[in-house]
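> I'm passing along coords.csv; it holds CSV, C-alpha atoms.
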chain,number,residue,atom,x,y,z
A,1,MET,CA,26.7,-109.9,-133.8
A,2,VAL,CA,28.6,-113.2,-133.7
A,3,LYS,CA,32.2,-112.9,-134.9
A,4,LYS,CA,33.2,-115.3,-137.6
A,5,GLN,CA,36.0,-117.6,-136.4
A,6,VAL,CA,39.0,-117.6,-138.6
A,7,LYS,CA,40.4,-121.1,-139.2
A,8,LYS,CA,44.0,-121.4,-138.2
A,9,TRP,CA,46.5,-122.7,-140.7
A,10,ALA,CA,47.6,-125.4,-138.2
A,11,ARG,CA,46.9,-126.1,-134.6
A,12,ASP,CA,50.2,-124.6,-133.3
A,13,TYR,CA,51.4,-122.6,-136.3
A,14,ASN,CA,49.9,-119.6,-138.2
A,15,LYS,CA,52.2,-120.2,-141.2
A,16,CYS,CA,55.0,-122.4,-142.5
A,17,VAL,CA,58.1,-122.0,-140.5
A,18,VAL,CA,60.3,-122.2,-143.6
A,19,CYS,CA,58.5,-120.3,-146.5
A,20,GLY,CA,56.2,-118.3,-144.2
A,21,SER,CA,53.3,-119.0,-146.6
A,22,THR,CA,49.8,-120.5,-145.9
A,23,LYS,CA,49.0,-121.3,-149.5
A,24,ARG,CA,49.9,-125.0,-149.1
A,25,LYS,CA,48.4,-127.3,-146.5
A,26,HIS,CA,50.2,-128.0,-143.2
A,27,ARG,CA,52.1,-131.3,-143.4
A,28,ALA,CA,53.8,-131.7,-140.0
A,29,ARG,CA,56.1,-129.9,-137.5
A,30,GLY,CA,55.1,-126.5,-138.7
A,31,LEU,CA,56.1,-127.3,-142.3
A,32,CYS,CA,53.9,-127.1,-145.4
A,33,GLU,CA,53.6,-129.9,-147.9
A,34,GLY,CA,56.2,-128.2,-150.2
A,35,CYS,CA,58.8,-127.5,-147.5
A,36,TYR,CA,58.4,-130.8,-145.6
A,37,SER,CA,60.6,-132.8,-147.9
A,38,GLY,CA,63.0,-129.9,-148.8
A,39,ILE,CA,66.5,-129.4,-147.4
A,40,GLU,CA,65.4,-126.9,-144.8
A,41,GLY,CA,62.5,-129.2,-143.7
A,42,CYS,CA,64.9,-132.1,-143.3
A,43,LYS,CA,67.2,-130.0,-141.1
A,44,ILE,CA,64.3,-128.9,-138.9
A,45,ARG,CA,62.9,-132.4,-138.6
A,46,ALA,CA,66.4,-133.7,-137.7
A,47,GLU,CA,66.9,-131.0,-135.1
A,48,GLN,CA,63.5,-131.7,-133.6
A,49,ARG,CA,64.1,-135.5,-133.6
A,50,GLU,CA,67.5,-135.0,-131.9
A,51,ARG,CA,65.8,-132.8,-129.2
A,52,VAL,CA,63.2,-135.4,-128.5
A,53,ASN,CA,65.8,-138.1,-128.3
A,54,ILE,CA,67.8,-136.1,-125.8
A,55,GLU,CA,64.6,-135.4,-123.7
A,56,HIS,CA,63.9,-139.2,-123.7
A,57,ALA,CA,67.4,-140.1,-122.8
A,58,LYS,CA,67.8,-141.3,-119.2
A,59,PRO,CA,71.1,-140.8,-117.3
A,60,LEU,CA,72.6,-144.2,-116.4
A,61,VAL,CA,73.2,-145.1,-112.8
A,62,LYS,CA,76.8,-145.4,-111.9
A,63,HIS,CA,78.1,-147.6,-109.1
A,64,ARG,CA,81.0,-146.0,-107.3
A,65,GLY,CA,83.3,-145.7,-110.3
A,66,ARG,CA,82.6,-149.1,-111.6
A,67,PRO,CA,81.2,-149.6,-115.1
A,68,THR,CA,77.4,-149.1,-115.3
A,69,GLU,CA,75.5,-152.3,-114.8
A,70,TRP,CA,72.4,-153.4,-116.8
A,71,THR,CA,70.1,-154.3,-114.0
A,72,GLU,CA,66.7,-155.9,-114.7
A,73,GLU,CA,64.9,-152.7,-113.7
A,74,ARG,CA,67.0,-150.6,-116.0
A,75,ILE,CA,66.5,-153.0,-118.9
A,76,GLU,CA,62.7,-153.0,-118.3
A,77,GLN,CA,62.8,-149.2,-118.4
A,78,GLU,CA,64.9,-149.3,-121.6
A,79,ALA,CA,62.3,-151.5,-123.2
A,80,LYS,CA,59.5,-149.0,-122.4
A,81,ASP,CA,61.6,-146.1,-123.7
A,82,LEU,CA,62.3,-148.0,-126.9
A,83,ILE,CA,58.6,-148.7,-127.5
A,84,LYS,CA,57.8,-145.0,-126.9
A,85,TRP,CA,60.6,-143.8,-129.1
A,86,SER,CA,59.6,-146.0,-132.0
A,87,GLU,CA,56.2,-144.4,-132.1
A,88,GLN,CA,57.6,-141.2,-133.6
A,89,THR,CA,56.6,-141.0,-137.2
A,90,ASP,CA,60.0,-139.8,-138.4
A,91,VAL,CA,62.1,-142.6,-136.8
A,92,LEU,CA,63.7,-144.5,-139.6
A,93,VAL,CA,67.0,-145.9,-138.2
A,94,LEU,CA,67.0,-148.3,-135.2
A,95,GLU,CA,70.5,-147.5,-134.2
A,96,GLU,CA,69.6,-143.9,-133.4
A,97,PHE,CA,67.9,-145.0,-130.2
A,98,GLY,CA,71.1,-146.3,-128.6
A,99,LEU,CA,73.3,-143.6,-130.0
A,100,TYR,CA,71.3,-140.8,-128.3
A,101,ARG,CA,71.2,-142.5,-124.9
A,102,GLU,CA,73.6,-141.5,-122.1
A,103,PRO,CA,76.1,-142.9,-122.5
A,104,PRO,CA,75.6,-144.0,-126.1
A,105,TYR,CA,75.7,-147.7,-127.0
A,106,ILE,CA,75.7,-149.6,-130.3
A,107,ARG,CA,73.3,-152.1,-131.9
A,108,ALA,CA,75.2,-155.1,-130.5
A,109,VAL,CA,74.3,-154.0,-127.0
A,110,MET,CA,70.6,-154.1,-127.9
A,111,TYR,CA,70.9,-157.7,-128.9
A,112,LYS,CA,72.7,-158.6,-125.7
A,113,LEU,CA,69.8,-157.0,-123.7
A,114,ALA,CA,67.3,-158.9,-125.8
A,115,GLU,CA,69.0,-162.1,-124.8
A,116,LYS,CA,68.7,-161.2,-121.2
A,117,ASN,CA,65.2,-159.8,-121.1
A,118,ASP,CA,62.0,-161.0,-122.9
A,119,ASN,CA,60.3,-157.6,-122.6
A,120,PHE,CA,63.3,-155.8,-124.3
A,121,ARG,CA,63.4,-158.5,-127.0
A,122,ASN,CA,59.7,-157.9,-127.7
A,123,ALA,CA,60.2,-154.2,-127.7
A,124,LEU,CA,63.1,-154.6,-130.2
A,125,LEU,CA,61.0,-156.7,-132.5
A,126,ILE,CA,58.1,-154.1,-132.4
A,127,ALA,CA,60.5,-151.2,-133.0
A,128,LYS,CA,62.1,-153.0,-136.0
A,129,GLU,CA,58.7,-153.8,-137.4
A,130,ARG,CA,57.4,-150.3,-137.0
A,131,ILE,CA,60.5,-148.9,-138.7
A,132,ARG,CA,60.3,-151.5,-141.5
A,133,SER,CA,56.6,-150.7,-142.3
A,134,ARG,CA,57.3,-147.0,-142.1
A,135,ARG,CA,60.3,-147.2,-144.5
A,136,GLU,CA,58.4,-149.5,-146.9
A,137,SER,CA,55.2,-147.5,-147.1
A,138,GLY,CA,57.2,-144.2,-147.3
A,139,ALA,CA,59.3,-145.5,-150.2
A,140,THR,CA,56.2,-146.9,-151.9
A,141,LEU,CA,54.3,-143.6,-151.7
A,142,GLY,CA,57.4,-141.7,-152.9
A,143,LYS,CA,58.0,-140.0,-149.5
A,144,TYR,CA,61.5,-141.5,-149.2
A,145,ASN,CA,64.1,-142.4,-151.8
A,146,ALA,CA,63.3,-146.1,-152.7
A,147,SER,CA,66.9,-147.0,-153.6
A,148,CYS,CA,68.2,-145.6,-150.4
A,149,MET,CA,65.5,-147.5,-148.4
A,150,GLN,CA,66.2,-150.8,-150.2
A,151,PHE,CA,69.9,-150.5,-149.5
A,152,THR,CA,69.4,-151.1,-145.7
A,153,HIS,CA,65.9,-152.7,-145.9
A,154,GLY,CA,67.3,-156.2,-145.5
A,155,PHE,CA,68.2,-155.5,-141.8
A,156,TYR,CA,64.6,-154.8,-141.0
A,157,ASP,CA,63.2,-157.6,-143.2
A,158,ARG,CA,65.3,-160.8,-143.4
A,159,ASP,CA,62.9,-162.4,-145.9
A,160,ASN,CA,63.2,-159.4,-148.1
A,161,GLN,CA,66.9,-159.6,-147.9
A,162,ASP,CA,66.9,-163.2,-149.0
A,163,LYS,CA,64.7,-162.4,-151.9
A,164,ASN,CA,67.0,-159.5,-152.9
A,165,GLN,CA,70.0,-161.8,-152.7
A,166,SER,CA,68.2,-164.4,-154.8
A,167,PHE,CA,67.3,-161.8,-157.4
A,168,THR,CA,70.9,-160.4,-157.4
A,169,SER,CA,72.2,-163.9,-157.9
A,170,TYR,CA,69.7,-164.4,-160.7
A,171,LYS,CA,70.8,-161.2,-162.4
A,172,ASP,CA,74.4,-162.2,-162.1
A,173,ASP,CA,73.7,-165.6,-163.6
A,174,ARG,CA,71.8,-164.0,-166.5
A,175,LYS,CA,74.7,-161.6,-167.1
A,176,LYS,CA,77.1,-164.6,-167.3
A,177,VAL,CA,74.8,-166.3,-169.8
A,178,THR,CA,74.5,-163.1,-171.8
A,179,ASP,CA,78.3,-162.6,-171.7
A,180,VAL,CA,78.9,-166.1,-173.0
A,181,ALA,CA,76.3,-165.6,-175.7
A,182,ASP,CA,78.0,-162.4,-176.8
A,183,ILE,CA,81.4,-164.2,-176.9
A,184,ASN,CA,79.9,-167.0,-179.0
A,185,LYS,CA,78.3,-164.4,-181.4
A,186,GLN,CA,81.7,-162.7,-181.8
A,187,LYS,CA,83.4,-166.0,-182.5
A,188,GLN,CA,80.7,-166.9,-185.0
A,189,ALA,CA,81.0,-163.5,-186.7
A,190,LEU,CA,84.8,-163.9,-186.9
A,191,THR,CA,84.5,-167.4,-188.4
A,192,GLU,CA,82.0,-166.1,-191.0
A,193,SER,CA,84.2,-163.2,-191.8
A,194,LYS,CA,87.2,-165.6,-192.3
A,195,GLN,CA,85.1,-167.9,-194.5
A,196,PHE,CA,83.9,-164.9,-196.5
A,197,VAL,CA,87.5,-163.9,-197.2
A,198,GLU,CA,88.4,-167.5,-198.2
A,199,ASP,CA,85.5,-167.7,-200.5
A,200,ALA,CA,86.4,-164.3,-202.1
A,201,LYS,CA,90.0,-165.5,-202.7
A,202,LEU,CA,88.7,-168.7,-204.4
A,203,ARG,CA,86.3,-166.7,-206.6
A,204,LEU,CA,89.1,-164.3,-207.5
A,205,ALA,CA,91.5,-167.2,-208.3
A,206,LYS,CA,88.8,-168.9,-210.4
A,207,LYS,CA,88.1,-165.6,-212.3
A,208,LYS,CA,91.8,-165.2,-213.1
A,209,LYS,CA,92.1,-168.7,-214.3
A,210,LEU,CA,89.1,-168.2,-216.7
A,211,GLU,CA,90.7,-165.0,-218.0
A,212,LYS,CA,93.9,-166.8,-218.8
A,213,ALA,CA,92.1,-169.5,-220.6
Can the structure from this file be put into structure tokens for me?


Amino acid sequence: MVKKQVKKWARDYNKCVVCGSTKRKHRARGLCEGCYSGIEGCKIRAEQRERVNIEHAKPLVKHRGRPTEWTEERIEQEAKDLIKWSEQTDVLVLEEFGLYREPPYIRAVMYKLAEKNDNFRNALLIAKERIRSRRESGATLGKYNASCMQFTHGFYDRDNQDKNQSFTSYKDDRKKVTDVADINKQKQALTESKQFVEDAKLRLAKKKKLEKA
């Protein structure tokens, strides 16, 4: 008799690592669809991402106590590591690559390396484009907070940043026009109110004059 094969919940997991249930489908990293975007899921993904970053980090070569030099070979390897790192589906911030290297370095160093080496410049552009599309599609599908993504989206998409600035300027201009219109309405209302009072005084004076007559 052939035994019926039991289908596993996920390839490497028998149940969700957070809720321990198999009712919901597996999303990623041992998390079900419900727990993936929750607080515990975010913590687990952050820990796993940090572990991967540390594993990919390469110790820098030191030269007899002098500051570490960016040789062509090292920059070429850094470009390859950047491309590989950007393939991770949960990478959303470009700066994390440099911050988890050994020793860490900031974004400005990336641009200096891009000026020196064409391969690193191309790797930087590809990494930025991957992160941009990942953030944009995630925000569109409701996977990420759209307001949070838009706050820093201009760094990954300059054209989008210009449009946002134009739209912001447009809103500011419209607000100024609205404010001026409100002030004019208030002035008009005050003038009409004063005119009403003057007309009322005239009517009252006319009425008294007729009563005396």

> Counting all atoms listed in the file, which of A:Ala108, A:Val197, A:Leu210, A:Ile131 gets nearest to Gln88 in chain A?

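Counting all atoms listed in the file, the residue closest to Gln88 in chain A is A:Ile131.
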
> Just the residues within 12 Å of range 9-22 of chain A, please, counting all atoms listed in the file, with nothing from its chain fewer than 2 positions along; format it as a short mmCIF file (atom, residue, chain, number, x, y, z; two decimals) with C-alpha atoms, in the coordinates of the input.


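Saved result, selection-v1.cif, follows:
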data_model
loop_
_atom_site.label_atom_id
_atom_site.label_comp_id
_atom_site.auth_asym_id
_atom_site.auth_seq_id
_atom_site.Cartn_x
_atom_site.Cartn_y
_atom_site.Cartn_z
CA VAL A 6 39.00 -117.60 -138.60
CA LYS A 7 40.40 -121.10 -139.20
CA ARG A 24 49.90 -125.00 -149.10
CA LYS A 25 48.40 -127.30 -146.50
CA HIS A 26 50.20 -128.00 -143.20
CA ARG A 27 52.10 -131.30 -143.40
CA ALA A 28 53.80 -131.70 -140.00
CA ARG A 29 56.10 -129.90 -137.50
CA GLY A 30 55.10 -126.50 -138.70
CA LEU A 31 56.10 -127.30 -142.30
CA CYS A 32 53.90 -127.10 -145.40
CA GLU A 33 53.60 -129.90 -147.90
CA GLY A 34 56.20 -128.20 -150.20
CA CYS A 35 58.80 -127.50 -147.50
CA TYR A 36 58.40 -130.80 -145.60
CA SER A 37 60.60 -132.80 -147.90
CA GLY A 38 63.00 -129.90 -148.80
CA ILE A 39 66.50 -129.40 -147.40
CA GLU A 40 65.40 -126.90 -144.80
CA GLY A 41 62.50 -129.20 -143.70
CA CYS A 42 64.90 -132.10 -143.30
CA LYS A 43 67.20 -130.00 -141.10
CA ILE A 44 64.30 -128.90 -138.90
CA ARG A 45 62.90 -132.40 -138.60
#

> Starting from the point (54.9, -147.3, -140.8), work out which residues of protein, DNA or RNA have an atom no more than 12 Å away when counting all atoms listed in the file; state them as a list in words.

Ser86, Glu87, Gln88, Thr89, Asp90, Val91, Leu92, Ile126, Ala127, Lys128, Glu129, Arg130, Ile131, Arg132, Ser133, Arg134, Arg135, Glu136, Ser137, Gly138, Ala139, Thr140, Leu141 and Lys143 of chain A

> For a test of reading the model, state the distance in Å between CA of Asn117 in chain A and CA of Ala79 in chain A, rounded to one decimal.

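Interatomic distance here is 9.0 Å.
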
> Report the distance between CA of Tyr111 in chain A and CA of Asn145 in chain A in Å, rounded to one decimal place.

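Result for CA of Tyr111 in chain A versus CA of Asn145 in chain A: 28.4 Å, one decimal.
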
> Please compute the CA of Met110 in chain A-CA of Glu96 in chain A distance, one decimal, in Å.

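Those two atoms sit 11.6 Å apart.
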
> Using all atoms listed in the file, which residue out of A:Leu124, A:Ile183, A:Ala146, A:Ala205 lies closest to Lys80 in chain A?

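Counting all atoms listed in the file, the residue closest to Lys80 in chain A is A:Leu124.
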